[in-house]
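So the structure is just underneath, and the comments pick up after that.
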Amino acid sequence: DVFTSVTLIKDMVLKEREIVDRIQESTQRLVSNGYSQLTRFYHKRLATINSRNFSREIERLNHPNGIYLIIKEFFEDYIPLRKYLTDYESANIESILSEVAGEQDMEGARESLIRLQEVYNLQPREMAKGNYLNYKGPELSASDVYLIGKTAFTIEKYPQAVQWLTTAVDLMSKDIAITGPYVETPSFGMISTGNTAFLTDAQTYLGRSLLRVGDQENARKLYMSLVTDDIENKNIQTLGYELKSVGTVEIGQNQVITKFYNLCQQQSKTSEPTSMDSRLRCRFAYILLPYYRFHEEILSNTPYISMFYDVITSTDAERIKKDSSAIGLTRGKISPGLLNETTSSFRTSHVTFLSDEKSEAAAFLSRRISYLTHLDASKQAAEPHQVVNYGLGGHYALHLDVFLEERAEMKARFENYGNRMATFLIYLTDVERGGSTAFPGADLVVSPTKGNAVFWYSFTPDGEIDHLTEHAGCPVVIGEKWIINKWIWTYGNTFTRRCGLKPNASQLDIEREMYSGYTGKHKKQRD
Ligand SMILES: O=C(O)CCC(=O)C(=O)O
Ligand SMILES: [Fe+2]
């Protein structure tokens with residue numbers, strides 16, 4: 001799929017000419033045999049490419065509706081290649097087509113918009129107008145809104161479905177009032193606005209969603225208004241049947257999720273200074289020489305989470321993106337390489353591992369991380385950089401970076417390294433809106449700022465897994481998000497992480513003891 005990486009979507013648009021040329025080459029024989037579907041495909045796509053204003057199109061891809069619409073355009077126009085060629089004929093172009101948005105991307109795109117609606121509490125009526133938190137973009141049609149509502153119903157997001165389908169019914173009714181009943185034109189099975197049949201479908205799905213959120217009364221009213229029209233209609237019959245049998249679906253949202261959504265909406269928030277050592281919020285981290293220093297801001301004391309400023313230059317950030325793209329990004333997975341490996345809507349991004357050998361910029365960065373954290377971030381004691389590019393509404397749901405017992409196989413895989421002791425997460429891009437990193441357990445959310453890094457220990461100083469470090473990448477609303485994860489292992493760092501003299505010592509207590517032990521410089525800064 002491509003919807004999980006904005007960079008891949010942009011490449012798909014920028015390199016479409018090449019894609020079409022390659023397809024043309026592989027299907028020459030078919031074209032000369034008079035496959036009219038193919039000929040029509042070439043004409044349509046070449047006309048589109050030739051008239052495309054590329055810089056404007058790429059700009060639109062910073063907006064969720066822009067991405068949604070480009071996915072739809074490719075999905076619809078490439079259907080002839082997927083549907084009407086025999087398996088034998090399409091085998092040649094299968095790998096080329098994997099670079100182009102298909103049905104999974106279409107479905108994934110709809111789910112992503114529903115996630116944005118849910119996390120940021122957006123109204124579909126505004127989203128359809130292209131208004132996301134006051135960032136404007138292209139509009140969605142009534143049929144887009146209907147199909148998104150239907151997806152919300154399918155994935156059992158009923159309150160969201162009610163909102164989309166209510167909007168769809170309004171928009172479709174308006175369209176019909178203006179254009180009159182619609183005559184179907186063949187467009188590869190896609191629906192078009194203004195078709196009364198689809199209006200009825202939208203109304204029945206709305207009724208079925210209303211039932212599930214406990215609004216029997218309006219569901220029944222809808223049914224009564226429909227059933228007089230067409231008693232044969234299957235969807236209306238289903239609604240009638242469910243009126244008697246289907247009950248309300250429990251839509252519990254646990255407190256952590258509610259807090260997580262709130263943090264995402266706030267975009268950035270640090271804990272109150274009173275909750276930590278008020279004498280220390282910012283400090284310098286030195287690399288060998290006193291004038292070679294970086295700002296570190298302590299965001300939370302327990303769990304220990306801090307922000308390092310400007311740890312990577314723009315040039316190096318671009319190098320790392322380029323070196324990673326050259327290796328090739330693949331869909332981010334849960335439990336990669338294992339039997340239970342999955343790609344899921346839990347994590348919508350593309351990733352690659354960039355080792356120090358493969359990129360000079362990466363090697364430089366590993367050394368810098370070692371200095372800044374006083375931990376060994378070289379390949380003996382840490383994973384290679386994981387470079388991540390998010391897609392449409394791209395996010396990573398709440399999780400811990402450490403491996404827990406329930407992921408025993410994962411842990412076994414790394415038994416030579418222990419566990420992930422700490423995470424150093426660097427933002428390679430500014431994100432205009434959304435895409436923050438939220439830590440509900442610390443009541444903290446960090447807005448992505450190019451060049452900055454968040455750093456945290458996943459273990460408490462006395463060696464327990466710190467469940468308060470549970471965190472998530474909030475969905476990206478506007479812009480493009482790239483990050484690097486550096487996971488630093490426990491083995492190889494057993495003796496480098498400072499330990500405290502008192503039980504329950506915080507990270508800062510420990511460091512104060514350490515520093516005052518061997519240099520007066522840091523102590524002075526603090527007191
Ligand atoms: O993208 C983010 O802000 C968080 C990413 C993350 O937690 C991870 O990749 O493990
Ligand atoms: Fe994480």
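Naming works like this for the structure tokens: A, B, ... for the chains as they're shown, residue 1 at the start of each chain, ligands 1 onward in shown order.
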
Backbone-only DSSP, strand (DSSP E or B) members of range 103-144 of chain A, as number ranges by chain: A: 131-132, 135-136

Sorted per-residue table, chain A near ligand 1, closest atoms and distance, 6 Å, only C-alpha atoms and all ligand atoms, as CSV:
```
residue,atom,partner,partner_atom_place_in_ligand_line,distance
A:Asp401,CA,ligand 1,10 (O),5.7
A:Ser436,CA,ligand 1,3 (O),5.6
A:Thr437,CA,ligand 1,3 (O),3.9
A:Ala472,CA,ligand 1,4 (C),5.3
A:Gly473,CA,ligand 1,3 (O),3.6
```

All residues having an atom within 12 Å of ligand 2 (only C-alpha atoms and all ligand atoms) as a count of residues only: 39

Residue neighbourhood Val20 in chain A, 12 Å, only C-alpha atoms, exclusion window fewer than 2 positions, as number ranges by chain: A: 12-18, 22-28, 38-39, 41-49, 74, 77-78, 81, 93, 96-97, 99-100

Given only C-alpha atoms as the counted atoms, nearest of A:Ala453, A:Ala142, A:Met127, A:Val119 to Ile369 in chain A: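 Ranked by minimum distance to Ile369 in chain A, first place goes to A:Ala453.
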
Tell me, as a CSV table (one decimal) with N, CA, C and O atoms, in the first residue's frame, which residues lie within 12 Å of Glu126 in chain A, counting only C-alpha atoms; anything in the same chain fewer than 3 positions away does not count.
```csv
chain,number,residue,atom,x,y,z
A,65,ASN,N,-7.7,15.8,2.5
A,65,ASN,CA,-8.6,15.7,1.4
A,65,ASN,C,-7.8,15.6,0.1
A,65,ASN,O,-8.2,14.9,-0.8
A,117,GLN,N,-11.2,12.4,12.4
A,117,GLN,CA,-12.5,12.8,12.9
A,117,GLN,C,-12.6,12.5,14.4
A,117,GLN,O,-12.9,13.3,15.2
A,121,ASN,N,-11.8,15.3,17.1
A,121,ASN,CA,-13.2,15.7,17.3
A,121,ASN,C,-13.7,16.6,16.1
A,121,ASN,O,-14.2,17.7,16.4
A,122,LEU,N,-13.4,16.2,14.9
A,122,LEU,CA,-13.8,17.0,13.7
A,122,LEU,C,-15.2,16.7,13.3
A,122,LEU,O,-15.7,15.6,13.5
A,123,GLN,N,-15.9,17.6,12.6
A,123,GLN,CA,-17.2,17.4,12.1
A,123,GLN,C,-17.1,17.1,10.6
A,123,GLN,O,-16.6,17.9,9.8
A,129,LYS,N,-16.1,20.1,3.6
A,129,LYS,CA,-15.8,21.4,2.9
A,129,LYS,C,-14.3,21.6,2.8
A,129,LYS,O,-13.9,22.7,2.3
A,130,GLY,N,-13.5,20.7,3.3
A,130,GLY,CA,-12.1,20.9,3.3
A,130,GLY,C,-11.5,21.6,4.5
A,130,GLY,O,-10.4,22.0,4.5
A,131,ASN,N,-12.3,21.8,5.5
A,131,ASN,CA,-11.9,22.6,6.7
A,131,ASN,C,-11.5,21.6,7.8
A,131,ASN,O,-12.3,21.0,8.4
A,132,TYR,N,-10.2,21.5,8.0
A,132,TYR,CA,-9.7,20.7,9.1
A,132,TYR,C,-9.0,21.6,10.1
A,132,TYR,O,-7.9,22.2,9.8
A,133,LEU,N,-9.6,21.9,11.3
A,133,LEU,CA,-9.0,22.8,12.3
A,133,LEU,C,-8.5,24.1,11.7
A,133,LEU,O,-7.4,24.6,11.9
A,134,ASN,N,-9.4,24.6,10.8
A,134,ASN,CA,-9.1,25.9,10.1
A,134,ASN,C,-8.0,25.8,9.0
A,134,ASN,O,-7.7,26.9,8.5
A,135,TYR,N,-7.5,24.7,8.7
A,135,TYR,CA,-6.7,24.5,7.5
A,135,TYR,C,-7.6,24.2,6.4
A,135,TYR,O,-8.3,23.2,6.4
A,136,LYS,N,-7.5,24.9,5.3
A,136,LYS,CA,-8.4,24.7,4.2
A,136,LYS,C,-7.8,23.8,3.1
A,136,LYS,O,-6.6,23.9,2.9
A,137,GLY,N,-8.6,23.0,2.4
A,137,GLY,CA,-8.2,22.2,1.4
A,137,GLY,C,-9.3,21.8,0.5
A,137,GLY,O,-10.4,22.4,0.6
A,138,PRO,N,-9.1,20.9,-0.5
A,138,PRO,CA,-10.2,20.6,-1.5
A,138,PRO,C,-11.4,19.9,-0.8
A,138,PRO,O,-11.3,19.4,0.3
A,139,GLU,N,-12.6,20.1,-1.4
A,139,GLU,CA,-13.8,19.5,-0.9
A,139,GLU,C,-14.0,18.1,-1.3
A,139,GLU,O,-13.5,17.6,-2.2
A,140,LEU,N,-14.9,17.4,-0.5
A,140,LEU,CA,-15.3,16.0,-0.8
A,140,LEU,C,-16.7,16.1,-1.4
A,140,LEU,O,-17.5,16.9,-1.0
A,145,VAL,N,-18.5,11.3,0.9
A,145,VAL,CA,-19.0,11.3,2.3
A,145,VAL,C,-19.8,10.1,2.6
A,145,VAL,O,-19.7,9.5,3.7
A,163,GLN,N,-22.5,10.7,12.0
A,163,GLN,CA,-22.2,12.0,11.5
A,163,GLN,C,-21.9,12.1,10.0
A,163,GLN,O,-22.4,12.9,9.3
A,164,TRP,N,-21.2,11.1,9.5
A,164,TRP,CA,-20.9,11.1,8.1
A,164,TRP,C,-22.2,10.9,7.3
A,164,TRP,O,-22.4,11.6,6.3
A,167,THR,N,-24.5,13.8,7.1
A,167,THR,CA,-24.0,14.8,6.2
A,167,THR,C,-24.2,14.3,4.7
A,167,THR,O,-24.6,15.0,3.9
```

Gap from CA of Tyr158 in chain A to CA of Ala177 in chain A - Å, one decimal: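 Computing it gives 28.1 Å between the two atoms.
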
Polymer residues at most 9 Å from Thr7 in chain A, only C-alpha atoms, same-chain spacing of 5 or more positions, as a VMD selection string: chain A and resid 2 12 389 to 391 480

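For Leu372 in chain A, the list of residues within 9 Å, based on only C-alpha atoms and with local chain neighbours fewer than 3 positions off taken out, reads A:Ala285, A:Tyr286, A:Ile287, A:Phe294, A:Phe308, A:Arg367, A:Arg368, A:Ile369, A:Leu375.
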
Given the selection you just returned, output its residues as a file containing N, CA and C atoms, formatted as a PDB file, in the first residue's frame.
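Wrote it out as again_28.pdb, contents follow:
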```pdb
ATOM      1  N   ALA A 285      23.798  19.988  27.644  1.00  0.00           N
ATOM      2  CA  ALA A 285      24.471  18.706  27.496  1.00  0.00           C
ATOM      3  C   ALA A 285      25.712  18.984  26.658  1.00  0.00           C
ATOM      4  N   TYR A 286      26.851  18.581  27.173  1.00  0.00           N
ATOM      5  CA  TYR A 286      28.110  18.923  26.508  1.00  0.00           C
ATOM      6  C   TYR A 286      28.646  17.755  25.694  1.00  0.00           C
ATOM      7  N   ILE A 287      29.264  18.071  24.599  1.00  0.00           N
ATOM      8  CA  ILE A 287      29.986  17.056  23.865  1.00  0.00           C
ATOM      9  C   ILE A 287      31.464  17.406  23.977  1.00  0.00           C
ATOM     10  N   PHE A 294      24.470  21.402  23.825  1.00  0.00           N
ATOM     11  CA  PHE A 294      23.089  21.318  23.366  1.00  0.00           C
ATOM     12  C   PHE A 294      22.155  21.611  24.524  1.00  0.00           C
ATOM     13  N   PHE A 308      15.834  17.343  23.621  1.00  0.00           N
ATOM     14  CA  PHE A 308      17.094  17.947  23.192  1.00  0.00           C
ATOM     15  C   PHE A 308      16.804  18.822  21.979  1.00  0.00           C
ATOM     16  N   ARG A 367      26.892   8.632  17.147  1.00  0.00           N
ATOM     17  CA  ARG A 367      27.930   9.117  18.075  1.00  0.00           C
ATOM     18  C   ARG A 367      27.398  10.283  18.893  1.00  0.00           C
ATOM     19  N   ARG A 368      26.664  11.166  18.235  1.00  0.00           N
ATOM     20  CA  ARG A 368      26.123  12.324  18.950  1.00  0.00           C
ATOM     21  C   ARG A 368      25.141  11.869  20.040  1.00  0.00           C
ATOM     22  N   ILE A 369      24.305  10.888  19.730  1.00  0.00           N
ATOM     23  CA  ILE A 369      23.326  10.405  20.718  1.00  0.00           C
ATOM     24  C   ILE A 369      24.050   9.815  21.924  1.00  0.00           C
ATOM     25  N   LEU A 375      24.886   7.212  27.080  1.00  0.00           N
ATOM     26  CA  LEU A 375      24.649   5.778  26.884  1.00  0.00           C
ATOM     27  C   LEU A 375      25.352   5.367  25.601  1.00  0.00           C
TER      28      LEU A 375
END
```

Point-to-point distance in Å for CA of Trp482 in chain A and CA of Ser314 in chain A: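 The value is 12.6 Å.
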
At most 6 Å is the cut-off: for each residue in range 421-523 of chain A with any atom that close to an atom of range 254-271 of chain A, write down the nearest atom pair and the distance in Å rounded to one decimal, counting only C-alpha atoms, chain first then increasing number, as CSV.
```
residue,atom,partner,partner_atom,distance
A:Ser436,CA,A:Gln267,CA,5.9
A:Pro440,CA,A:Phe260,CA,5.6
A:Leu444,CA,A:Thr270,CA,5.1
A:Val445,CA,A:Ser268,CA,4.9
A:Val446,CA,A:Ser268,CA,5.0
A:Ser447,CA,A:Ser268,CA,5.1
A:Cys474,CA,A:Cys264,CA,5.7
```
